[in-house]
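Source file: input_31.cif (mmCIF, C-alpha atoms)
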data_my_file
loop_
_atom_site.label_atom_id
_atom_site.label_comp_id
_atom_site.auth_asym_id
_atom_site.auth_seq_id
_atom_site.Cartn_x
_atom_site.Cartn_y
_atom_site.Cartn_z
CA MET A 54 39.27 0.41 187.29
CA ARG A 55 37.36 -1.97 185.01
CA GLY A 56 34.92 0.83 184.39
CA VAL A 57 37.73 3.12 183.23
CA PHE A 58 39.05 0.44 180.84
CA PHE A 59 35.53 -0.15 179.56
CA ILE A 60 35.02 3.54 178.85
CA LEU A 61 38.47 3.83 177.21
CA GLY A 62 37.75 0.73 175.17
CA LEU A 63 34.39 2.12 174.12
CA ILE A 64 35.96 5.43 173.10
CA PHE A 65 38.67 3.58 171.17
CA LEU A 66 36.19 1.33 169.41
CA THR A 67 33.70 4.05 168.56
CA GLY A 68 36.55 6.27 167.41
CA PHE A 69 37.87 3.47 165.25
CA VAL A 70 34.50 2.69 163.73
CA PHE A 71 33.43 6.23 163.02
CA ALA A 72 36.82 7.56 161.90
CA PHE A 73 36.23 6.28 158.35
CA SER A 74 33.90 8.63 156.55
CA PHE A 75 32.99 8.93 152.94
CA SER A 76 30.66 11.15 150.93
CA VAL A 77 29.62 11.80 147.37
CA GLU A 78 28.25 15.02 146.00
CA VAL A 79 27.13 16.04 142.52
CA PRO A 80 28.31 19.61 141.86
CA LYS A 81 25.54 22.11 141.15
CA GLU A 82 26.36 22.46 137.46
CA TYR A 83 25.96 18.69 136.93
CA VAL A 84 22.77 18.23 138.89
CA THR A 85 20.96 18.31 135.56
CA VAL A 86 22.52 16.51 132.60
CA ALA A 87 21.32 15.36 129.20
CA PRO A 88 21.45 11.75 128.00
CA GLY A 89 24.86 11.06 126.53
CA GLU A 90 26.55 13.58 128.81
CA LYS A 91 28.77 12.83 131.74
CA VAL A 92 27.57 13.27 135.27
CA TYR A 93 30.42 14.44 137.47
CA PHE A 94 30.56 13.76 141.18
CA GLU A 95 32.96 14.56 143.94
CA ILE A 96 34.03 11.78 146.29
CA ARG A 97 35.64 12.49 149.64
CA VAL A 98 37.05 9.63 151.70
CA LEU A 99 38.54 10.20 155.14
CA TYR A 100 40.40 7.22 156.58
CA PRO A 101 42.52 8.65 159.41
CA GLU A 102 43.30 5.34 161.06
CA ASN A 103 44.81 4.02 157.85
CA THR A 104 48.39 5.20 157.97
CA GLU A 105 49.74 3.15 155.11
CA ARG A 106 48.89 3.16 151.44
CA LYS A 107 45.89 1.04 150.62
CA ASP A 108 43.97 0.36 147.43
CA LEU A 109 40.26 1.04 147.45
CA ILE A 110 37.85 -0.20 144.85
CA LEU A 111 35.29 2.48 143.99
CA GLU A 112 32.23 1.09 142.29
CA TYR A 113 29.93 3.56 140.54
CA THR A 114 26.35 2.70 139.72
CA ILE A 115 23.68 4.87 138.18
CA LEU A 116 20.22 3.84 139.27
CA ASP A 117 16.82 5.03 138.17
CA GLU A 118 13.98 5.92 140.52
CA GLU A 119 12.87 2.28 140.70
CA GLY A 120 16.37 1.18 141.63
CA ASN A 121 17.17 -0.38 138.28
CA VAL A 122 20.84 -0.34 137.42
CA ILE A 123 21.42 1.81 134.35
CA VAL A 124 25.19 1.73 134.18
CA ARG A 125 27.98 0.45 136.34
CA SER A 126 31.72 0.97 136.39
CA ASP A 127 34.53 0.74 138.89
CA THR A 128 37.95 2.14 139.48
CA LEU A 129 40.90 1.46 141.76
CA ARG A 130 42.29 4.31 143.84
CA ALA A 131 45.06 4.43 146.39
CA ILE A 132 44.45 6.06 149.74
CA GLU A 133 46.46 6.74 152.86
CA THR A 134 44.43 8.85 155.21
CA GLN A 135 42.20 10.69 152.78
CA LEU A 136 41.14 10.79 149.20
CA SER A 137 39.29 13.46 147.28
CA LEU A 138 38.48 13.13 143.62
CA LEU A 139 36.14 14.31 140.92
CA ASP A 140 35.05 11.47 138.72
CA SER A 141 32.36 10.96 136.11
CA VAL A 142 30.11 8.40 134.51
CA THR A 143 28.49 8.83 131.11
CA VAL A 144 24.72 8.76 131.21
CA PRO A 145 23.59 6.46 128.36
CA HIS A 146 21.79 8.02 125.37
CA TYR A 147 18.74 5.83 125.76
CA VAL A 148 17.69 6.85 129.27
CA ASP A 149 14.45 8.71 129.83
CA GLU A 150 14.12 11.98 131.61
CA GLY A 151 13.80 11.72 135.36
CA LEU A 152 15.54 11.52 138.69
CA TYR A 153 18.55 9.22 138.93
CA SER A 154 21.08 8.51 141.59
CA ILE A 155 24.78 7.86 141.48
CA ASN A 156 25.70 5.24 143.98
CA VAL A 157 29.33 4.91 145.06
CA ARG A 158 30.43 1.80 146.91
CA VAL A 159 33.88 1.61 148.43
CA ARG A 160 35.63 -1.68 149.19
CA ASP A 161 39.12 -2.59 150.28
CA GLY A 162 38.97 -6.39 150.14
CA GLU A 163 39.50 -6.58 153.89
CA GLY A 164 35.94 -6.12 154.99
CA LEU A 165 35.44 -2.45 154.23
CA ASN A 166 32.23 -2.09 152.27
CA GLU A 167 30.44 1.25 152.42
CA GLN A 168 28.18 3.02 150.01
CA VAL A 169 26.72 6.46 149.60
CA SER A 170 24.65 8.06 146.89
CA ALA A 171 23.66 11.39 145.44
CA SER A 172 20.90 12.22 143.03
CA PHE A 173 20.79 14.12 139.77
CA ASN A 174 18.28 14.83 137.00
CA VAL A 175 18.35 13.73 133.41
CA LEU A 176 16.65 16.18 131.06
CA ARG A 177 16.60 16.01 127.30
CA LYS A 178 17.81 19.33 125.96
CA GLY A 179 15.43 20.97 123.50
CA ILE A 180 16.56 22.32 120.14
CA ASN A 181 18.22 25.65 120.68
CA TRP A 182 16.57 27.65 117.92
CA THR A 183 18.63 30.71 118.68
CA VAL A 184 21.84 28.82 118.04
CA ILE A 185 20.41 27.30 114.85
CA PHE A 186 19.17 30.68 113.65
CA LEU A 187 22.50 32.36 114.37
CA SER A 188 24.37 29.52 112.66
CA VAL A 189 22.22 29.84 109.54
CA VAL A 190 22.68 33.63 109.50
CA PHE A 191 26.42 33.19 109.95
CA LEU A 192 26.53 30.65 107.13
CA LEU A 193 24.57 32.94 104.81
CA ILE A 194 26.91 35.83 105.61
CA ILE A 195 29.91 33.61 104.80
CA ILE A 196 28.34 32.50 101.50
CA TYR A 197 27.41 36.11 100.61
CA PHE A 198 30.90 37.42 101.30
CA GLY A 199 32.38 34.40 99.54
CA PHE A 200 30.56 35.40 96.36
CA ARG A 201 31.42 39.06 96.85
CA VAL A 202 35.09 38.23 97.26
CA LYS A 203 34.97 35.98 94.20
CA ASP A 204 33.37 38.77 92.14
CA PHE A 205 35.89 41.26 93.45
CA TRP A 206 38.81 39.03 92.41
CA ASN A 207 37.25 38.34 89.00
CA ARG A 208 37.00 42.06 88.30
CA PHE A 209 40.39 42.76 89.74
CA TRP A 210 41.99 40.24 87.34
CA ILE A 211 39.99 41.60 84.40
CA ARG A 212 41.36 45.10 85.14
CA VAL A 213 44.90 43.76 85.51
CA ARG A 214 44.59 41.87 82.23
CA VAL A 215 43.18 44.88 80.39
CA LYS A 216 45.94 47.09 81.73
CA GLY A 217 48.53 44.54 80.58
CA ILE A 218 47.04 44.25 77.09
CA VAL A 219 46.81 48.01 76.57
CA ARG A 220 50.32 48.66 77.88
CA GLU A 221 51.74 45.92 75.71
CA ARG A 222 50.10 47.46 72.67
CA PHE A 223 51.14 51.03 73.38
CA GLY A 224 54.39 50.18 75.10
CA ARG A 225 53.71 52.50 77.98
CA GLY A 226 55.89 52.12 81.00
CA ASP A 227 53.81 54.15 83.46
CA MET B 13 30.32 61.53 69.32
CA GLY B 14 27.36 59.51 70.65
CA SER B 15 25.70 56.15 70.73
CA LYS B 16 24.04 54.28 67.94
CA LEU B 17 22.08 51.06 67.73
CA VAL B 18 22.19 49.42 64.32
CA ILE B 19 19.53 46.83 63.61
CA ALA B 20 20.09 44.93 60.40
CA PRO B 21 19.08 41.65 58.78
CA VAL B 22 21.48 38.86 59.65
CA ASP B 23 22.93 38.71 56.13
CA ARG B 24 23.73 42.45 56.18
CA LEU B 25 25.02 42.62 59.74
CA GLN B 26 28.69 41.81 59.04
CA PHE B 27 28.87 44.32 56.26
CA LYS B 28 27.38 46.97 58.55
CA ILE B 29 29.88 46.11 61.31
CA VAL B 30 32.88 46.27 59.00
CA SER B 31 31.89 49.58 57.50
CA ALA B 32 31.12 51.05 60.93
CA VAL B 33 34.48 49.98 62.38
CA ARG B 34 36.30 51.35 59.35
CA SER B 35 34.58 54.68 59.68
CA LEU B 36 35.19 55.10 63.40
CA GLN B 37 38.27 57.03 64.46
CA GLY B 38 40.69 56.14 67.23
CA ASN B 39 41.17 52.85 69.02
CA GLY B 40 38.26 50.55 69.52
CA ILE B 41 36.92 48.08 72.04
CA TYR B 42 35.16 45.25 70.28
CA VAL B 43 32.78 43.24 72.45
CA SER B 44 32.07 40.05 70.61
CA LEU B 45 29.09 38.02 71.69
CA ASP B 46 28.70 35.64 68.78
CA LYS B 47 32.16 35.08 67.29
CA ASP B 48 35.52 34.33 68.84
CA LYS B 49 38.50 36.56 68.15
CA LYS B 50 39.67 34.55 65.14
CA GLY B 51 36.20 34.71 63.59
CA ILE B 52 36.02 38.48 64.00
CA GLU B 53 39.56 38.94 62.73
CA ASN B 54 38.75 37.06 59.55
CA VAL B 55 35.70 39.21 58.93
CA LEU B 56 37.43 42.50 59.73
CA LYS B 57 40.65 41.68 57.86
CA ARG B 58 38.60 40.91 54.77
CA GLY B 59 37.09 44.35 55.22
CA LYS B 60 40.60 45.83 55.46
CA VAL B 61 40.19 47.02 59.03
CA ASP B 62 43.42 47.86 60.85
CA MET B 63 43.43 45.25 63.61
CA LYS B 64 46.01 47.12 65.65
CA ARG B 65 43.35 49.65 66.51
CA LEU B 66 41.12 47.06 68.17
CA PHE B 67 40.99 45.50 71.62
CA PHE B 68 38.72 42.51 72.10
CA VAL B 69 36.36 41.42 74.84
CA ASP B 70 35.57 37.89 73.79
CA CYS B 71 32.40 36.41 75.27
CA VAL B 72 32.52 33.27 73.11
CA GLY B 73 36.00 31.75 73.29
CA SER B 74 37.06 30.02 76.44
CA SER B 75 40.47 28.61 75.58
CA GLY B 76 42.41 31.33 77.38
CA ASP B 77 45.17 30.98 74.77
CA GLU B 78 44.71 34.45 73.32
CA LYS B 79 46.95 36.78 75.27
CA SER B 80 45.62 39.98 73.76
CA VAL B 81 41.98 39.21 74.48
CA VAL B 82 39.92 39.45 77.63
CA GLN B 83 37.61 36.49 77.82
CA VAL B 84 34.47 36.98 79.87
CA SER B 85 31.42 34.83 80.26
CA PRO B 86 28.30 36.38 78.67
CA THR B 87 26.37 35.31 81.76
CA ARG B 88 28.42 37.72 83.87
CA LEU B 89 27.29 41.09 82.62
CA ASP B 90 29.04 42.88 85.47
CA ASP B 91 32.33 41.37 84.33
CA VAL B 92 31.63 42.38 80.73
CA SER B 93 31.00 45.98 81.77
CA CYS B 94 34.05 45.84 84.04
CA ALA B 95 36.20 44.83 81.06
CA ILE B 96 34.69 47.61 78.91
CA GLU B 97 35.25 50.19 81.64
CA ALA B 98 38.83 49.04 82.17
CA PHE B 99 39.59 49.34 78.42
CA VAL B 100 37.95 52.76 78.25
CA ASN B 101 40.02 53.93 81.20
CA GLU B 102 43.28 52.47 79.93
CA ILE B 103 43.20 53.24 76.21
CA PRO B 104 44.59 56.69 75.55
CA GLY B 105 43.10 59.18 73.12
CA LYS B 106 40.01 58.88 70.99
CA LYS B 107 38.18 55.59 71.27
CA PHE B 108 35.00 53.78 70.32
CA LEU B 109 33.03 50.78 71.51
CA VAL B 110 31.44 48.15 69.29
CA ILE B 111 28.98 45.61 70.69
CA ASP B 112 28.29 42.70 68.36
CA ALA B 113 25.55 41.40 68.62
CA LEU B 114 23.50 42.70 71.48
CA ALA B 115 20.56 40.33 71.21
CA VAL B 116 22.85 37.34 71.86
CA LEU B 117 22.99 38.39 75.50
CA LEU B 118 19.34 37.39 75.76
CA ILE B 119 20.32 33.76 75.42
CA TYR B 120 22.18 33.97 78.71
CA ASN B 121 20.37 36.72 80.62
CA ASN B 122 16.88 38.05 81.02
CA GLU B 123 15.68 41.14 79.19
CA ASN B 124 15.77 43.46 82.16
CA GLU B 125 19.34 42.52 83.02
CA VAL B 126 20.45 43.09 79.45
CA ALA B 127 18.57 46.40 79.21
CA SER B 128 20.16 47.56 82.46
CA PHE B 129 23.61 46.47 81.23
CA VAL B 130 23.17 48.35 77.95
CA ARG B 131 22.02 51.53 79.68
CA LYS B 132 24.93 51.36 82.12
CA VAL B 133 27.53 50.82 79.38
CA VAL B 134 26.11 53.51 77.09
CA GLU B 135 25.91 55.99 79.95
CA PHE B 136 29.47 55.25 81.02
CA ALA B 137 30.78 55.56 77.47
CA SER B 138 28.90 58.82 76.86
CA GLU B 139 30.35 60.34 80.01
CA ARG B 140 33.84 59.58 78.69
CA LYS B 141 33.07 60.77 75.17
CA VAL B 142 33.39 57.30 73.69
CA ASN B 143 31.45 56.49 70.53
CA VAL B 144 29.23 53.45 70.98
CA VAL B 145 27.86 51.38 68.14
CA ALA B 146 25.80 48.34 69.08
CA PHE B 147 24.58 45.86 66.50
CA SER B 148 21.68 43.51 66.64
CA PRO B 149 20.13 41.21 64.05
CA LYS B 150 16.64 42.29 63.10
CA THR B 151 14.97 39.02 63.92
CA LYS B 152 16.21 38.63 67.47
CA GLY B 153 15.05 40.10 70.76
CA GLU B 154 12.56 42.67 69.59
CA GLU B 155 11.24 43.09 73.11
CA LEU B 156 14.72 43.94 74.31
CA LEU B 157 15.31 46.33 71.46
CA ASN B 158 12.13 48.19 72.39
CA LYS B 159 13.41 48.49 75.94
CA ILE B 160 16.81 49.88 75.01
CA PHE B 161 15.98 52.22 72.15
CA GLY B 162 15.91 55.10 74.60
CA ALA B 163 19.45 54.46 75.79
CA PHE B 164 20.91 55.27 72.36
CA ASP B 165 21.17 58.65 70.69
CA GLU B 166 20.35 57.09 67.35
CA VAL B 167 18.67 53.88 66.23
CA VAL B 168 19.20 52.73 62.67
CA GLY B 169 17.02 50.14 60.94
CA LYS B 170 14.13 49.82 63.38
#
Could you render the structure as structure tokens?
Amino acid sequence: MRGVFFILGLIFLTGFVFAFSFSVEVPKEYVTVAPGEKVYFEIRVLYPENTERKDLILEYTILDEEGNVIVRSDTLRAIETQLSLLDSVTVPHYVDEGLYSINVRVRDGEGLNEQVSASFNVLRKGINWTVIFLSVVFLLIIIYFGFRVKDFWNRFWIRVRVKGIVRERFGRGD
Amino acid sequence: MGSKLVIAPVDRLQFKIVSAVRSLQGNGIYVSLDKDKKGIENVLKRGKVDMKRLFFVDCVGSSGDEKSVVQVSPTRLDDVSCAIEAFVNEIPGKKFLVIDALAVLLIYNNENEVASFVRKVVEFASERKVNVVAFSPKTKGEELLNKIFGAFDEVVGK
């Protein structure tokens, strides 16, 4: 009998302990970001044993490869049994290229304190010469047509004026 | 019918212009490059020219007050020829074109541009049977004059 209670107790305890799960994932399109851009990450929290609304503090930290803290922020989110959200942190302009990790720590003020992390790359984006070239071409086209339109209007008004002067002189109604 | 370039000393130029305008028949387009409309009117009235026969393209004045005048910048040769073409197309009957004084265009444009403008205007006028008389002072723009001699049927005073 004691053995049965022990096994039930063990199942209950292990079930209780492992029921809380929490993960963070950086979506594919944000695995590489440039300094100054936001890195987005998806947080999933499963808390099945928590049947009433509870506030969780989510603390985000970006760390470099050496573990130095680059930026930190936190947010408060309410959870009942699960929470899924896409959040972001801006990567500072001054960071170098390299591998970084986003560390998410979750706390509830009642002893819950878990953390997970996911990595992402910071790459400085090179100058996109194609975009610059196309922009310059576009600008030149606009300037060219601007002048053409101006010339067209100048000549149009000259013709209108001439027509008016001649008709006034000859009194033609046609 | 035809085109004529009159080259004359500066002191004789006004006399030549007045007598040419008086002798031409029909309505005229007067392109003025060195006098505003009032200046030309004074000269022509003194020469007893009937002003009602003339339409002015004024490349000097910029007041915009004159309602019966088309004011065009001498730097914009395309606009000058546009004004000439519009007058030629609008004025009914026999007409003539006077350009006074051609060499002034060299102050604002380079020789090749002016030569091309002259050829274009003379060609256009000839096609529409419009008499063209262009005047130029003898001392100015001899290089240009050499370039445009060929565009005129007759050159007087070279």
Around range 180-184 of chain A, fit a box with edges along x, y and z, padding it by 8 Å on each side, then list its centre and edge lengths in Å to one decimal as AutoDock Vina command-line options.
--center_x 19.2 --center_y 26.5 --center_z 119.3 --size_x 21.3 --size_y 24.4 --size_z 18.8
Spell out the residues picked by the PyMOL selection byres ((chain B) within 9 of (chain A)) here, as a list in words.
Lys64, Phe67, Lys79, Ser80, Val81, Val82, Gln83, Val84, Asp90, Asp91, Cys94, Ala95, Glu97, Ala98, Phe99, Glu102, Ile103 and Pro104 of chain B
Output check: residues returned by the PyMOL selection byres ((chain A and resi 94) around 8), as number ranges by chain:
A: 77-80, 83, 92-93, 95-96, 139-141
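Across the structure, CA of Lys132 in chain B and CA of Gly73 in chain B are spaced 24.2 Å apart.
Distance check against Glu166 in chain B using all atoms listed in the file: of B:Ser31, B:Ser15, B:Asn124, B:Asn143, the minimum falls on B:Ser15.
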Residues matched by the PyMOL selection byres ((chain B and resi 63) around 12) as a PyMOL selection string:
(chain A and resi 222) or (chain B and resi 30+33-34+38-42+49-50+52-62+64-68+80)
Out of A:Val98, A:Ile185, A:Ile115, A:Val190, which residue has the shortest atom-to-atom distance to Arg160 in chain A when counting all atoms listed in the file?
A:Val98
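Those DNA, RNA and protein residues that approach the point (32.3, 59.5, 75.2) to within 12 Å, considering all atoms listed in the file, are Met13, Gly14, Ser15, Glu97, Val100, Asn101, Gly105, Lys106, Lys107, Phe108, Leu109, Val133, Val134, Glu135, Phe136, Ala137, Ser138, Glu139, Arg140, Lys141, Val142, Asn143, Val144 and Val145 of chain B.
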Across A:Leu99, A:Val144, A:Glu82, A:Pro88, the smallest distance to Gly179 in chain A, with only C-alpha atoms counted, is shown by A:Pro88
Residues near Glu118 in chain A, cut-off 10 Å, all atoms listed in the file, skip fewer than 6 positions along chain, as a ChimeraX atom specification
/A:151-154,172
Take range 74-97 of chain A, bring it up to N, CA, C and O atoms, and give me the output as a PDB file, keeping the file's coordinate frame.
ATOM      1  N   SER A  74      35.110   7.980 157.065  1.00  0.00           N
ATOM      2  CA  SER A  74      33.900   8.630 156.550  1.00  0.00           C
ATOM      3  C   SER A  74      34.059   8.855 155.051  1.00  0.00           C
ATOM      4  O   SER A  74      35.177   8.997 154.554  1.00  0.00           O
ATOM      5  N   PHE A  75      32.934   8.945 154.397  1.00  0.00           N
ATOM      6  CA  PHE A  75      32.990   8.930 152.940  1.00  0.00           C
ATOM      7  C   PHE A  75      31.689   9.557 152.426  1.00  0.00           C
ATOM      8  O   PHE A  75      30.610   9.311 152.957  1.00  0.00           O
ATOM      9  N   SER A  76      31.842  10.457 151.455  1.00  0.00           N
ATOM     10  CA  SER A  76      30.660  11.150 150.930  1.00  0.00           C
ATOM     11  C   SER A  76      30.767  11.317 149.423  1.00  0.00           C
ATOM     12  O   SER A  76      31.867  11.299 148.862  1.00  0.00           O
ATOM     13  N   VAL A  77      29.637  11.500 148.819  1.00  0.00           N
ATOM     14  CA  VAL A  77      29.620  11.800 147.370  1.00  0.00           C
ATOM     15  C   VAL A  77      28.659  12.963 147.159  1.00  0.00           C
ATOM     16  O   VAL A  77      27.620  13.055 147.805  1.00  0.00           O
ATOM     17  N   GLU A  78      29.081  13.839 146.257  1.00  0.00           N
ATOM     18  CA  GLU A  78      28.250  15.020 146.000  1.00  0.00           C
ATOM     19  C   GLU A  78      28.310  15.336 144.501  1.00  0.00           C
ATOM     20  O   GLU A  78      29.388  15.302 143.894  1.00  0.00           O
ATOM     21  N   VAL A  79      27.161  15.627 143.937  1.00  0.00           N
ATOM     22  CA  VAL A  79      27.130  16.040 142.520  1.00  0.00           C
ATOM     23  C   VAL A  79      27.186  17.568 142.513  1.00  0.00           C
ATOM     24  O   VAL A  79      26.313  18.212 143.096  1.00  0.00           O
ATOM     25  N   PRO A  80      28.217  18.142 141.888  1.00  0.00           N
ATOM     26  CA  PRO A  80      28.310  19.610 141.860  1.00  0.00           C
ATOM     27  C   PRO A  80      27.071  20.227 141.193  1.00  0.00           C
ATOM     28  O   PRO A  80      26.453  19.591 140.328  1.00  0.00           O
ATOM     29  N   LYS A  81      26.769  21.442 141.614  1.00  0.00           N
ATOM     30  CA  LYS A  81      25.540  22.110 141.150  1.00  0.00           C
ATOM     31  C   LYS A  81      25.362  22.085 139.626  1.00  0.00           C
ATOM     32  O   LYS A  81      24.273  21.851 139.121  1.00  0.00           O
ATOM     33  N   GLU A  82      26.474  22.347 138.916  1.00  0.00           N
ATOM     34  CA  GLU A  82      26.360  22.460 137.460  1.00  0.00           C
ATOM     35  C   GLU A  82      26.097  21.114 136.768  1.00  0.00           C
ATOM     36  O   GLU A  82      25.780  21.070 135.580  1.00  0.00           O
ATOM     37  N   TYR A  83      26.232  20.009 137.519  1.00  0.00           N
ATOM     38  CA  TYR A  83      25.960  18.690 136.930  1.00  0.00           C
ATOM     39  C   TYR A  83      24.730  18.022 137.530  1.00  0.00           C
ATOM     40  O   TYR A  83      24.496  16.841 137.302  1.00  0.00           O
ATOM     41  N   VAL A  84      23.962  18.809 138.287  1.00  0.00           N
ATOM     42  CA  VAL A  84      22.770  18.230 138.890  1.00  0.00           C
ATOM     43  C   VAL A  84      21.749  17.893 137.803  1.00  0.00           C
ATOM     44  O   VAL A  84      20.961  16.963 137.946  1.00  0.00           O
ATOM     45  N   THR A  85      21.822  18.630 136.712  1.00  0.00           N
ATOM     46  CA  THR A  85      20.960  18.310 135.560  1.00  0.00           C
ATOM     47  C   THR A  85      21.841  18.050 134.350  1.00  0.00           C
ATOM     48  O   THR A  85      22.631  18.909 133.963  1.00  0.00           O
ATOM     49  N   VAL A  86      21.727  16.866 133.785  1.00  0.00           N
ATOM     50  CA  VAL A  86      22.520  16.510 132.600  1.00  0.00           C
ATOM     51  C   VAL A  86      21.594  15.945 131.533  1.00  0.00           C
ATOM     52  O   VAL A  86      20.469  15.529 131.834  1.00  0.00           O
ATOM     53  N   ALA A  87      22.095  15.929 130.311  1.00  0.00           N
ATOM     54  CA  ALA A  87      21.320  15.360 129.200  1.00  0.00           C
ATOM     55  C   ALA A  87      21.816  13.941 128.934  1.00  0.00           C
ATOM     56  O   ALA A  87      22.964  13.621 129.255  1.00  0.00           O
ATOM     57  N   PRO A  88      20.968  13.102 128.361  1.00  0.00           N
ATOM     58  CA  PRO A  88      21.450  11.750 128.000  1.00  0.00           C
ATOM     59  C   PRO A  88      22.668  11.859 127.092  1.00  0.00           C
ATOM     60  O   PRO A  88      22.722  12.715 126.215  1.00  0.00           O
ATOM     61  N   GLY A  89      23.632  11.028 127.337  1.00  0.00           N
ATOM     62  CA  GLY A  89      24.860  11.060 126.530  1.00  0.00           C
ATOM     63  C   GLY A  89      25.947  11.911 127.169  1.00  0.00           C
ATOM     64  O   GLY A  89      27.113  11.818 126.797  1.00  0.00           O
ATOM     65  N   GLU A  90      25.544  12.733 128.126  1.00  0.00           N
ATOM     66  CA  GLU A  90      26.550  13.580 128.810  1.00  0.00           C
ATOM     67  C   GLU A  90      27.102  12.851 130.021  1.00  0.00           C
ATOM     68  O   GLU A  90      26.552  11.848 130.471  1.00  0.00           O
ATOM     69  N   LYS A  91      28.178  13.423 130.539  1.00  0.00           N
ATOM     70  CA  LYS A  91      28.770  12.830 131.740  1.00  0.00           C
ATOM     71  C   LYS A  91      28.193  13.505 132.983  1.00  0.00           C
ATOM     72  O   LYS A  91      27.997  14.714 132.975  1.00  0.00           O
ATOM     73  N   VAL A  92      27.939  12.688 133.986  1.00  0.00           N
ATOM     74  CA  VAL A  92      27.570  13.270 135.270  1.00  0.00           C
ATOM     75  C   VAL A  92      28.837  13.206 136.138  1.00  0.00           C
ATOM     76  O   VAL A  92      29.476  12.167 136.268  1.00  0.00           O
ATOM     77  N   TYR A  93      29.216  14.365 136.626  1.00  0.00           N
ATOM     78  CA  TYR A  93      30.420  14.440 137.470  1.00  0.00           C
ATOM     79  C   TYR A  93      30.005  14.406 138.933  1.00  0.00           C
ATOM     80  O   TYR A  93      28.957  14.944 139.298  1.00  0.00           O
ATOM     81  N   PHE A  94      30.833  13.811 139.751  1.00  0.00           N
ATOM     82  CA  PHE A  94      30.560  13.760 141.180  1.00  0.00           C
ATOM     83  C   PHE A  94      31.878  13.796 141.934  1.00  0.00           C
ATOM     84  O   PHE A  94      32.913  13.351 141.449  1.00  0.00           O
ATOM     85  N   GLU A  95      31.763  14.381 143.118  1.00  0.00           N
ATOM     86  CA  GLU A  95      32.960  14.560 143.940  1.00  0.00           C
ATOM     87  C   GLU A  95      32.907  13.562 145.104  1.00  0.00           C
ATOM     88  O   GLU A  95      31.911  13.491 145.814  1.00  0.00           O
ATOM     89  N   ILE A  96      33.979  12.798 145.223  1.00  0.00           N
ATOM     90  CA  ILE A  96      34.030  11.780 146.290  1.00  0.00           C
ATOM     91  C   ILE A  96      35.072  12.236 147.319  1.00  0.00           C
ATOM     92  O   ILE A  96      36.184  12.647 146.953  1.00  0.00           O
ATOM     93  N   ARG A  97      34.679  12.180 148.570  1.00  0.00           N
ATOM     94  CA  ARG A  97      35.640  12.490 149.640  1.00  0.00           C
ATOM     95  C   ARG A  97      35.686  11.289 150.602  1.00  0.00           C
ATOM     96  O   ARG A  97      34.656  10.880 151.129  1.00  0.00           O
TER      97      ARG A  97
END
